[in-house]
Structure formats: C-alpha cells, structure tokens
file input-v2.tsv (TSV, N, CA and C atoms)
chain	number	residue	atom	x	y	z
J	75	MET	N	21.35	-21.16	-40.79
J	75	MET	CA	21.37	-21.16	-42.24
J	75	MET	C	20.72	-19.86	-42.70
J	76	SER	N	21.31	-19.21	-43.66
J	76	SER	CA	20.77	-17.95	-44.15
J	76	SER	C	19.42	-18.17	-44.84
J	77	ASP	N	18.63	-17.12	-44.89
J	77	ASP	CA	17.31	-17.23	-45.50
J	77	ASP	C	17.37	-17.68	-46.96
J	78	PRO	N	18.27	-17.12	-47.79
J	78	PRO	CA	18.31	-17.59	-49.18
J	78	PRO	C	18.65	-19.08	-49.32
J	79	LEU	N	19.59	-19.57	-48.52
J	79	LEU	CA	19.94	-20.98	-48.59
J	79	LEU	C	18.79	-21.84	-48.07
J	80	ARG	N	18.17	-21.43	-46.98
J	80	ARG	CA	17.02	-22.16	-46.42
J	80	ARG	C	15.91	-22.25	-47.47
J	81	GLU	N	15.63	-21.13	-48.16
J	81	GLU	CA	14.58	-21.10	-49.18
J	81	GLU	C	14.92	-22.03	-50.35
J	82	LYS	N	16.20	-22.07	-50.73
J	82	LYS	CA	16.60	-22.94	-51.82
J	82	LYS	C	16.41	-24.41	-51.44
J	83	VAL	N	16.86	-24.77	-50.25
J	83	VAL	CA	16.70	-26.15	-49.78
J	83	VAL	C	15.21	-26.50	-49.72
J	84	ASN	N	14.39	-25.60	-49.18
J	84	ASN	CA	12.95	-25.86	-49.11
J	84	ASN	C	12.33	-26.04	-50.49
J	85	ARG	N	12.75	-25.21	-51.45
J	85	ARG	CA	12.23	-25.34	-52.82
J	85	ARG	C	12.61	-26.69	-53.42
J	86	LEU	N	13.85	-27.10	-53.24
J	86	LEU	CA	14.29	-28.38	-53.78
J	86	LEU	C	13.57	-29.54	-53.09
J	87	MET	N	13.39	-29.43	-51.79
J	87	MET	CA	12.68	-30.49	-51.08
J	87	MET	C	11.21	-30.55	-51.50
J	88	GLN	N	10.60	-29.40	-51.78
J	88	GLN	CA	9.21	-29.39	-52.26
J	88	GLN	C	9.10	-30.07	-53.61
J	89	SER	N	10.14	-29.96	-54.43
J	89	SER	CA	10.09	-30.64	-55.74
J	89	SER	C	10.10	-32.16	-55.57
J	90	LEU	N	10.60	-32.64	-54.44
J	90	LEU	CA	10.64	-34.07	-54.17
J	90	LEU	C	9.47	-34.56	-53.34
J	91	ALA	N	9.09	-33.77	-52.34
J	91	ALA	CA	8.12	-34.25	-51.35
J	91	ALA	C	6.82	-33.46	-51.32
J	92	GLY	N	6.69	-32.46	-52.15
J	92	GLY	CA	5.46	-31.67	-52.17
J	92	GLY	C	5.18	-31.04	-50.82
J	93	GLU	N	3.94	-31.17	-50.36
J	93	GLU	CA	3.52	-30.55	-49.10
J	93	GLU	C	4.28	-31.10	-47.90
J	94	ARG	N	4.79	-32.31	-47.99
J	94	ARG	CA	5.51	-32.88	-46.85
J	94	ARG	C	6.88	-32.25	-46.63
J	95	ALA	N	7.32	-31.43	-47.56
J	95	ALA	CA	8.61	-30.76	-47.42
J	95	ALA	C	8.66	-29.88	-46.17
J	96	ASP	N	7.50	-29.41	-45.71
J	96	ASP	CA	7.51	-28.59	-44.49
J	96	ASP	C	7.99	-29.38	-43.27
J	97	ARG	N	8.00	-30.70	-43.36
J	97	ARG	CA	8.48	-31.53	-42.25
J	97	ARG	C	9.99	-31.40	-42.04
J	98	VAL	N	10.68	-30.90	-43.03
J	98	VAL	CA	12.12	-30.73	-42.90
J	98	VAL	C	12.52	-29.26	-42.97
J	99	ALA	N	11.55	-28.37	-42.73
J	99	ALA	CA	11.83	-26.94	-42.72
J	99	ALA	C	12.64	-26.57	-41.49
J	100	GLU	N	13.36	-25.50	-41.61
J	100	GLU	CA	14.31	-25.04	-40.58
J	100	GLU	C	13.73	-24.97	-39.18
J	101	SER	N	12.59	-24.36	-39.02
J	101	SER	CA	12.12	-24.04	-37.67
J	101	SER	C	11.02	-24.98	-37.19
J	102	THR	N	10.91	-26.14	-37.79
J	102	THR	CA	9.79	-27.00	-37.46
J	102	THR	C	10.24	-28.28	-36.78
J	103	LEU	N	9.72	-28.51	-35.58
J	103	LEU	CA	9.85	-29.80	-34.92
J	103	LEU	C	8.48	-30.45	-35.00
J	104	HIS	N	8.44	-31.68	-35.41
J	104	HIS	CA	7.15	-32.35	-35.58
J	104	HIS	C	6.91	-33.33	-34.44
J	105	ARG	N	5.98	-32.96	-33.60
J	105	ARG	CA	5.62	-33.78	-32.45
J	105	ARG	C	5.28	-35.21	-32.89
J	106	GLU	N	4.59	-35.34	-34.02
J	106	GLU	CA	4.20	-36.66	-34.52
J	106	GLU	C	5.43	-37.56	-34.73
J	107	VAL	N	6.47	-37.01	-35.31
J	107	VAL	CA	7.69	-37.79	-35.57
J	107	VAL	C	8.41	-38.11	-34.26
J	108	ILE	N	8.51	-37.12	-33.39
J	108	ILE	CA	9.16	-37.34	-32.10
J	108	ILE	C	8.42	-38.43	-31.33
J	109	GLN	N	7.10	-38.36	-31.31
J	109	GLN	CA	6.30	-39.37	-30.61
J	109	GLN	C	6.44	-40.73	-31.27
J	110	ARG	N	6.56	-40.77	-32.59
J	110	ARG	CA	6.72	-42.06	-33.29
J	110	ARG	C	8.05	-42.70	-32.94
J	111	ILE	N	9.10	-41.90	-32.89
J	111	ILE	CA	10.42	-42.41	-32.48
J	111	ILE	C	10.35	-42.89	-31.04
J	112	LYS	N	9.67	-42.13	-30.19
J	112	LYS	CA	9.52	-42.52	-28.79
J	112	LYS	C	8.84	-43.88	-28.67
J	113	ARG	N	7.72	-44.06	-29.38
J	113	ARG	CA	7.00	-45.34	-29.29
J	113	ARG	C	7.85	-46.51	-29.77
J	114	ALA	N	8.68	-46.27	-30.75
J	114	ALA	CA	9.54	-47.34	-31.27
J	114	ALA	C	10.67	-47.69	-30.31
J	115	HIS	N	10.94	-46.81	-29.34
J	115	HIS	CA	12.07	-47.02	-28.43
J	115	HIS	C	11.66	-47.00	-26.96
J	116	LEU	N	10.44	-47.36	-26.67
J	116	LEU	CA	9.97	-47.35	-25.28
J	116	LEU	C	10.76	-48.30	-24.38
J	117	ASP	N	11.46	-49.26	-24.99
J	117	ASP	CA	12.30	-50.15	-24.19
J	117	ASP	C	13.42	-49.38	-23.47
J	118	LEU	N	13.70	-48.15	-23.92
J	118	LEU	CA	14.72	-47.31	-23.27
J	118	LEU	C	14.16	-46.58	-22.05
J	119	GLY	N	12.85	-46.63	-21.87
J	119	GLY	CA	12.16	-45.84	-20.86
J	119	GLY	C	11.58	-44.60	-21.52
J	120	ALA	N	10.48	-44.12	-20.99
J	120	ALA	CA	9.75	-43.02	-21.64
J	120	ALA	C	10.59	-41.75	-21.77
J	121	ALA	N	11.32	-41.39	-20.72
J	121	ALA	CA	12.09	-40.14	-20.76
J	121	ALA	C	13.21	-40.22	-21.80
J	122	ASP	N	13.97	-41.32	-21.78
J	122	ASP	CA	15.06	-41.46	-22.76
J	122	ASP	C	14.51	-41.59	-24.17
J	123	ALA	N	13.41	-42.29	-24.34
J	123	ALA	CA	12.80	-42.43	-25.67
J	123	ALA	C	12.34	-41.07	-26.19
J	124	SER	N	11.80	-40.23	-25.32
J	124	SER	CA	11.40	-38.88	-25.72
J	124	SER	C	12.60	-38.04	-26.12
J	125	ARG	N	13.65	-38.11	-25.31
J	125	ARG	CA	14.87	-37.35	-25.65
J	125	ARG	C	15.47	-37.84	-26.96
J	126	LEU	N	15.42	-39.14	-27.19
J	126	LEU	CA	15.92	-39.68	-28.46
J	126	LEU	C	15.12	-39.09	-29.62
J	127	GLY	N	13.80	-39.04	-29.48
J	127	GLY	CA	12.97	-38.45	-30.53
J	127	GLY	C	13.37	-37.02	-30.84
J	128	LEU	N	13.62	-36.24	-29.80
J	128	LEU	CA	14.07	-34.86	-30.01
J	128	LEU	C	15.41	-34.82	-30.72
J	129	HIS	N	16.37	-35.61	-30.24
J	129	HIS	CA	17.72	-35.57	-30.81
J	129	HIS	C	17.76	-36.10	-32.24
J	130	MET	N	16.83	-36.95	-32.61
J	130	MET	CA	16.79	-37.45	-33.98
J	130	MET	C	15.97	-36.54	-34.90
J	131	SER	N	15.32	-35.53	-34.33
J	131	SER	CA	14.46	-34.65	-35.11
J	131	SER	C	14.98	-33.23	-35.25
J	132	ASP	N	15.71	-32.75	-34.28
J	132	ASP	CA	16.05	-31.33	-34.24
J	132	ASP	C	16.95	-30.89	-35.39
J	133	TRP	N	17.71	-31.76	-35.97
J	133	TRP	CA	18.64	-31.40	-37.03
J	133	TRP	C	18.14	-31.82	-38.42
J	134	VAL	N	16.84	-32.05	-38.55
J	134	VAL	CA	16.30	-32.52	-39.81
J	134	VAL	C	16.53	-31.52	-40.95
J	135	SER	N	16.52	-30.23	-40.66
J	135	SER	CA	16.78	-29.26	-41.74
J	135	SER	C	18.22	-29.35	-42.22
J	136	ASP	N	19.14	-29.71	-41.33
J	136	ASP	CA	20.53	-29.92	-41.74
J	136	ASP	C	20.62	-31.15	-42.66
J	137	ALA	N	19.87	-32.19	-42.30
J	137	ALA	CA	19.82	-33.39	-43.14
J	137	ALA	C	19.20	-33.07	-44.50
J	138	ALA	N	18.20	-32.19	-44.52
J	138	ALA	CA	17.57	-31.80	-45.78
J	138	ALA	C	18.59	-31.12	-46.68
J	139	PHE	N	19.45	-30.28	-46.11
J	139	PHE	CA	20.50	-29.65	-46.91
J	139	PHE	C	21.41	-30.70	-47.54
J	140	VAL	N	21.86	-31.65	-46.73
J	140	VAL	CA	22.76	-32.70	-47.23
J	140	VAL	C	22.08	-33.49	-48.34
J	141	LEU	N	20.83	-33.85	-48.15
J	141	LEU	CA	20.09	-34.59	-49.17
J	141	LEU	C	19.94	-33.76	-50.44
J	142	ALA	N	19.53	-32.50	-50.30
J	142	ALA	CA	19.37	-31.63	-51.47
J	142	ALA	C	20.70	-31.47	-52.20
J	143	LEU	N	21.79	-31.33	-51.47
J	143	LEU	CA	23.11	-31.19	-52.09
J	143	LEU	C	23.47	-32.44	-52.87
J	144	HIS	N	23.18	-33.61	-52.32
J	144	HIS	CA	23.50	-34.85	-53.02
J	144	HIS	C	22.64	-35.06	-54.26
J	145	LEU	N	21.40	-34.63	-54.21
J	145	LEU	CA	20.51	-34.82	-55.35
J	145	LEU	C	20.64	-33.73	-56.40
J	146	PHE	N	21.00	-32.51	-55.98
J	146	PHE	CA	21.06	-31.36	-56.88
J	146	PHE	C	22.34	-30.56	-56.67
J	147	PRO	N	23.52	-31.18	-56.80
J	147	PRO	CA	24.76	-30.44	-56.51
J	147	PRO	C	24.95	-29.20	-57.39
J	148	GLU	N	24.42	-29.24	-58.59
J	148	GLU	CA	24.57	-28.12	-59.52
J	148	GLU	C	23.79	-26.88	-59.08
J	149	GLU	N	22.88	-27.03	-58.15
J	149	GLU	CA	22.04	-25.92	-57.69
J	149	GLU	C	22.72	-25.04	-56.64
J	150	PHE	N	23.86	-25.48	-56.11
J	150	PHE	CA	24.49	-24.78	-55.00
J	150	PHE	C	25.80	-24.14	-55.40
J	151	SER	N	26.00	-22.93	-54.93
J	151	SER	CA	27.28	-22.25	-55.12
J	151	SER	C	28.28	-22.79	-54.09
J	152	ASP	N	29.55	-22.50	-54.32
J	152	ASP	CA	30.58	-22.90	-53.35
J	152	ASP	C	30.29	-22.28	-51.98
J	153	ALA	N	29.89	-21.02	-51.96
J	153	ALA	CA	29.61	-20.35	-50.69
J	153	ALA	C	28.44	-21.01	-49.97
J	154	GLU	N	27.40	-21.40	-50.71
J	154	GLU	CA	26.25	-22.07	-50.09
J	154	GLU	C	26.65	-23.44	-49.53
J	155	ILE	N	27.50	-24.13	-50.25
J	155	ILE	CA	27.96	-25.44	-49.77
J	155	ILE	C	28.78	-25.27	-48.50
J	156	ARG	N	29.67	-24.29	-48.47
J	156	ARG	CA	30.45	-24.04	-47.25
J	156	ARG	C	29.52	-23.70	-46.09
J	157	GLU	N	28.53	-22.86	-46.33
J	157	GLU	CA	27.59	-22.48	-45.27
J	157	GLU	C	26.79	-23.68	-44.77
J	158	GLY	N	26.25	-24.46	-45.69
J	158	GLY	CA	25.44	-25.62	-45.31
J	158	GLY	C	26.24	-26.69	-44.59
J	159	VAL	N	27.44	-26.96	-45.05
J	159	VAL	CA	28.30	-27.94	-44.38
J	159	VAL	C	28.67	-27.43	-42.99
J	160	GLY	N	29.00	-26.16	-42.89
J	160	GLY	CA	29.34	-25.58	-41.60
J	160	GLY	C	28.18	-25.68	-40.62
J	161	GLN	N	26.97	-25.37	-41.08
J	161	GLN	CA	25.79	-25.46	-40.23
J	161	GLN	C	25.57	-26.90	-39.77
J	162	PHE	N	25.68	-27.84	-40.70
J	162	PHE	CA	25.52	-29.26	-40.35
J	162	PHE	C	26.52	-29.66	-39.28
J	163	LEU	N	27.78	-29.32	-39.48
J	163	LEU	CA	28.83	-29.75	-38.56
J	163	LEU	C	28.74	-29.07	-37.20
J	164	CYS	N	28.15	-27.88	-37.14
J	164	CYS	CA	27.98	-27.20	-35.85
J	164	CYS	C	26.76	-27.69	-35.08
J	165	HIS	N	25.82	-28.33	-35.75
J	165	HIS	CA	24.55	-28.65	-35.11
J	165	HIS	C	24.30	-30.15	-34.99
J	166	ALA	N	24.33	-30.87	-36.09
J	166	ALA	CA	23.92	-32.28	-36.10
J	166	ALA	C	24.78	-33.19	-35.22
J	167	PRO	N	26.11	-33.08	-35.22
J	167	PRO	CA	26.90	-34.03	-34.43
J	167	PRO	C	26.56	-34.04	-32.94
J	168	ASN	N	26.20	-32.90	-32.38
J	168	ASN	CA	25.83	-32.87	-30.96
J	168	ASN	C	24.59	-33.70	-30.70
J	169	HIS	N	23.61	-33.60	-31.59
J	169	HIS	CA	22.39	-34.41	-31.44
J	169	HIS	C	22.68	-35.88	-31.71
J	170	ILE	N	23.51	-36.18	-32.68
J	170	ILE	CA	23.85	-37.57	-32.98
J	170	ILE	C	24.59	-38.18	-31.80
J	171	ARG	N	25.53	-37.43	-31.23
J	171	ARG	CA	26.27	-37.91	-30.06
J	171	ARG	C	25.31	-38.19	-28.90
J	172	ALA	N	24.36	-37.29	-28.68
J	172	ALA	CA	23.39	-37.49	-27.59
J	172	ALA	C	22.53	-38.72	-27.86
J	173	ALA	N	22.11	-38.92	-29.10
J	173	ALA	CA	21.32	-40.10	-29.45
J	173	ALA	C	22.14	-41.37	-29.24
J	174	CYS	N	23.42	-41.33	-29.57
J	174	CYS	CA	24.29	-42.49	-29.34
J	174	CYS	C	24.39	-42.80	-27.84
J	175	ARG	N	24.50	-41.77	-27.03
J	175	ARG	CA	24.57	-42.00	-25.58
J	175	ARG	C	23.29	-42.65	-25.06
J	176	ILE	N	22.15	-42.15	-25.54
J	176	ILE	CA	20.87	-42.69	-25.08
J	176	ILE	C	20.72	-44.15	-25.48
J	177	THR	N	21.09	-44.48	-26.70
J	177	THR	CA	20.89	-45.84	-27.22
J	177	THR	C	22.06	-46.77	-26.94
J	178	GLY	N	23.21	-46.20	-26.58
J	178	GLY	CA	24.40	-47.02	-26.37
J	178	GLY	C	24.98	-47.55	-27.67
J	179	GLN	N	24.65	-46.92	-28.78
J	179	GLN	CA	25.12	-47.38	-30.08
J	179	GLN	C	26.28	-46.52	-30.56
J	180	TYR	N	27.45	-46.90	-30.17
J	180	TYR	CA	28.66	-46.23	-30.62
J	180	TYR	C	29.37	-47.16	-31.58
J	181	VAL	N	29.54	-46.72	-32.78
J	181	VAL	CA	30.26	-47.50	-33.77
J	181	VAL	C	31.31	-46.58	-34.39
J	182	TRP	N	32.54	-46.94	-34.21
J	182	TRP	CA	33.60	-46.14	-34.79
J	182	TRP	C	34.13	-46.89	-36.00
J	183	GLU	N	33.93	-46.32	-37.14
J	183	GLU	CA	34.29	-46.96	-38.41
J	183	GLU	C	35.70	-46.53	-38.83
J	184	ASP	N	36.33	-47.42	-39.57
J	184	ASP	CA	37.56	-47.05	-40.27
J	184	ASP	C	37.12	-46.53	-41.63
J	185	PHE	N	37.48	-45.31	-41.92
J	185	PHE	CA	37.09	-44.71	-43.17
J	185	PHE	C	38.16	-44.98	-44.23
J	186	PRO	N	37.79	-44.93	-45.50
J	186	PRO	CA	38.73	-45.27	-46.58
J	186	PRO	C	39.70	-44.13	-46.88
J	187	ASP	N	40.37	-43.62	-45.84
J	187	ASP	CA	41.26	-42.48	-46.00
J	187	ASP	C	42.44	-42.76	-46.94
J	188	ASP	N	42.80	-44.01	-47.08
J	188	ASP	CA	43.95	-44.33	-47.92
J	188	ASP	C	43.61	-44.35	-49.40
J	189	ASP	N	42.34	-44.40	-49.75
J	189	ASP	CA	41.93	-44.46	-51.16
J	189	ASP	C	41.63	-43.05	-51.65
J	190	THR	N	42.69	-42.33	-52.03
J	190	THR	CA	42.50	-40.94	-52.45
J	190	THR	C	41.76	-40.81	-53.78
J	191	SER	N	41.57	-41.90	-54.50
J	191	SER	CA	40.82	-41.82	-55.75
J	191	SER	C	39.37	-41.40	-55.51
J	192	LEU	N	38.91	-41.53	-54.27
J	192	LEU	CA	37.54	-41.14	-53.95
J	192	LEU	C	37.35	-39.62	-53.98
J	193	TRP	N	38.40	-38.86	-53.71
J	193	TRP	CA	38.24	-37.42	-53.65
J	193	TRP	C	39.30	-36.62	-54.40
J	194	ASP	N	40.39	-37.25	-54.79
J	194	ASP	CA	41.51	-36.54	-55.40
J	194	ASP	C	41.36	-36.57	-56.91
J	195	ASP	N	41.00	-35.43	-57.49
J	195	ASP	CA	40.84	-35.39	-58.95
J	195	ASP	C	42.15	-35.06	-59.66
J	196	GLU	N	43.25	-35.00	-58.92
J	196	GLU	CA	44.57	-34.74	-59.48
J	196	GLU	C	45.21	-35.99	-60.05
J	197	ARG	N	44.62	-37.15	-59.77
J	197	ARG	CA	45.23	-38.41	-60.21
J	197	ARG	C	44.96	-38.68	-61.64

call {"tool": "encode", "arguments": {"input": "input-v2.tsv", "output": "structure tokens"}}
result
Amino acid sequence: MSDPLREKVNRLMQSLAGERADRVAESTLHREVIQRIKRAHLDLGAADASRLGLHMSDWVSDAAFVLALHLFPEEFSDAEIREGVGQFLCHAPNHIRAACRITGQYVWEDFPDDDTSLWDDER
C-alpha cells in the first residue's frame, strides 16, 4: 500500500480507535493478539495455534482499509480504492486460505450473483 493511502487509512482508524489504531498499522504484528488467538485455539496444538494467530493477524492492515472504506467511502478516490482492493486481494486470501487449512473450516457459499440490483445501478 502506498504511503499516502496507508496514512489516510491510519488517520481514519485513529478517528475511530484513538491510540489503538496502531494495532492495525501496516507494519505492525502484535504478539499479544497472536498469543491470544493461540490460547483460544490450543486444541489445534501449539504449533498450529501459533500459525493460526499469525495468519489471522498479518493482513490486519488490509482489513483496516476495507473497514475504513466501508465507513468513509467518500474519503477515497477511485485510484485509492483500486489500490486498496488490489492489495487486499493479493495478500489477505493467502492467509485466510492457510487459516482455513489449519482449522479445517472450509465453507463455500453461494453468492447472490443473480440479484443484480445489489450492484447494477443501470436498473
């Protein structure tokens, strides 16, 4: 994510979470959160629980972008949205897939692709 987009997301997250916004900053992995996820999943074994914590934490800045976009869509240009979506799609799915493998939780949903009223403003 480019520095200007990262700074914008951080500013918007600070308006919501104050000092805790640093927990979703681009370059920050929080051992406390990883360890908390691990403790909640020790039934998977310590190694898998640790890996799950990493995979559920490493893409948090991508999640922050998605959250900021949903809460403040007017704050983002088309180019910033393309960049943020691209970053999310290049990074988060790999971690989500790894977390699914660790937990064995694969759920394939049928999406409402037939209801174009959800996205088609031409109607």

call {"tool": "select_by_dssp", "arguments": {"input": "input-v2.tsv", "residues": "chain J", "states": "helix (DSSP H, G or I)", "output": "NGL selection string"}}
result
:J and (77-98 or 105-114 or 116-118 or 120-131 or 134-145 or 147-149 or 152-177 or 190-192)

call {"tool": "atom_distance", "arguments": {"input": "input-v2.tsv", "atom1": "atom N of Ala153 in chain J", "atom2": "CA of Asn168 in chain J"}}
result
24.5 Å

call {"tool": "atom_distance", "arguments": {"input": "input-v2.tsv", "atom1": "atom C of Gly160 in chain J", "atom2": "atom N of Leu126 in chain J"}}
result
22.9 Å

call {"tool": "residues_around", "arguments": {"input": "input-v2.tsv", "residues": "Ile176 in chain J", "least_positions_apart": "5", "cutoff": "10 Å", "atoms": "only C-alpha atoms", "output": "list in words"}}
result
Leu118, Asp122, Ala123, Arg125, Leu126, His129, Ile170 and Arg171 of chain J

call {"tool": "residues_near_point", "arguments": {"input": "input-v2.tsv", "point": "(28.2, -26.7, -47.9)", "cutoff": "12 Å", "atoms": "only C-alpha atoms", "output": "MDAnalysis selection string"}}
result
chainID J and resid 75 79 83 136:144 147 149:163

call {"tool": "residues_near_point", "arguments": {"input": "input-v2.tsv", "point": "(13.3, -32.4, -35.5)", "cutoff": "10 Å", "atoms": "only C-alpha atoms", "output": "MDAnalysis selection string"}}
result
chainID J and resid 97:105 107:108 127:136
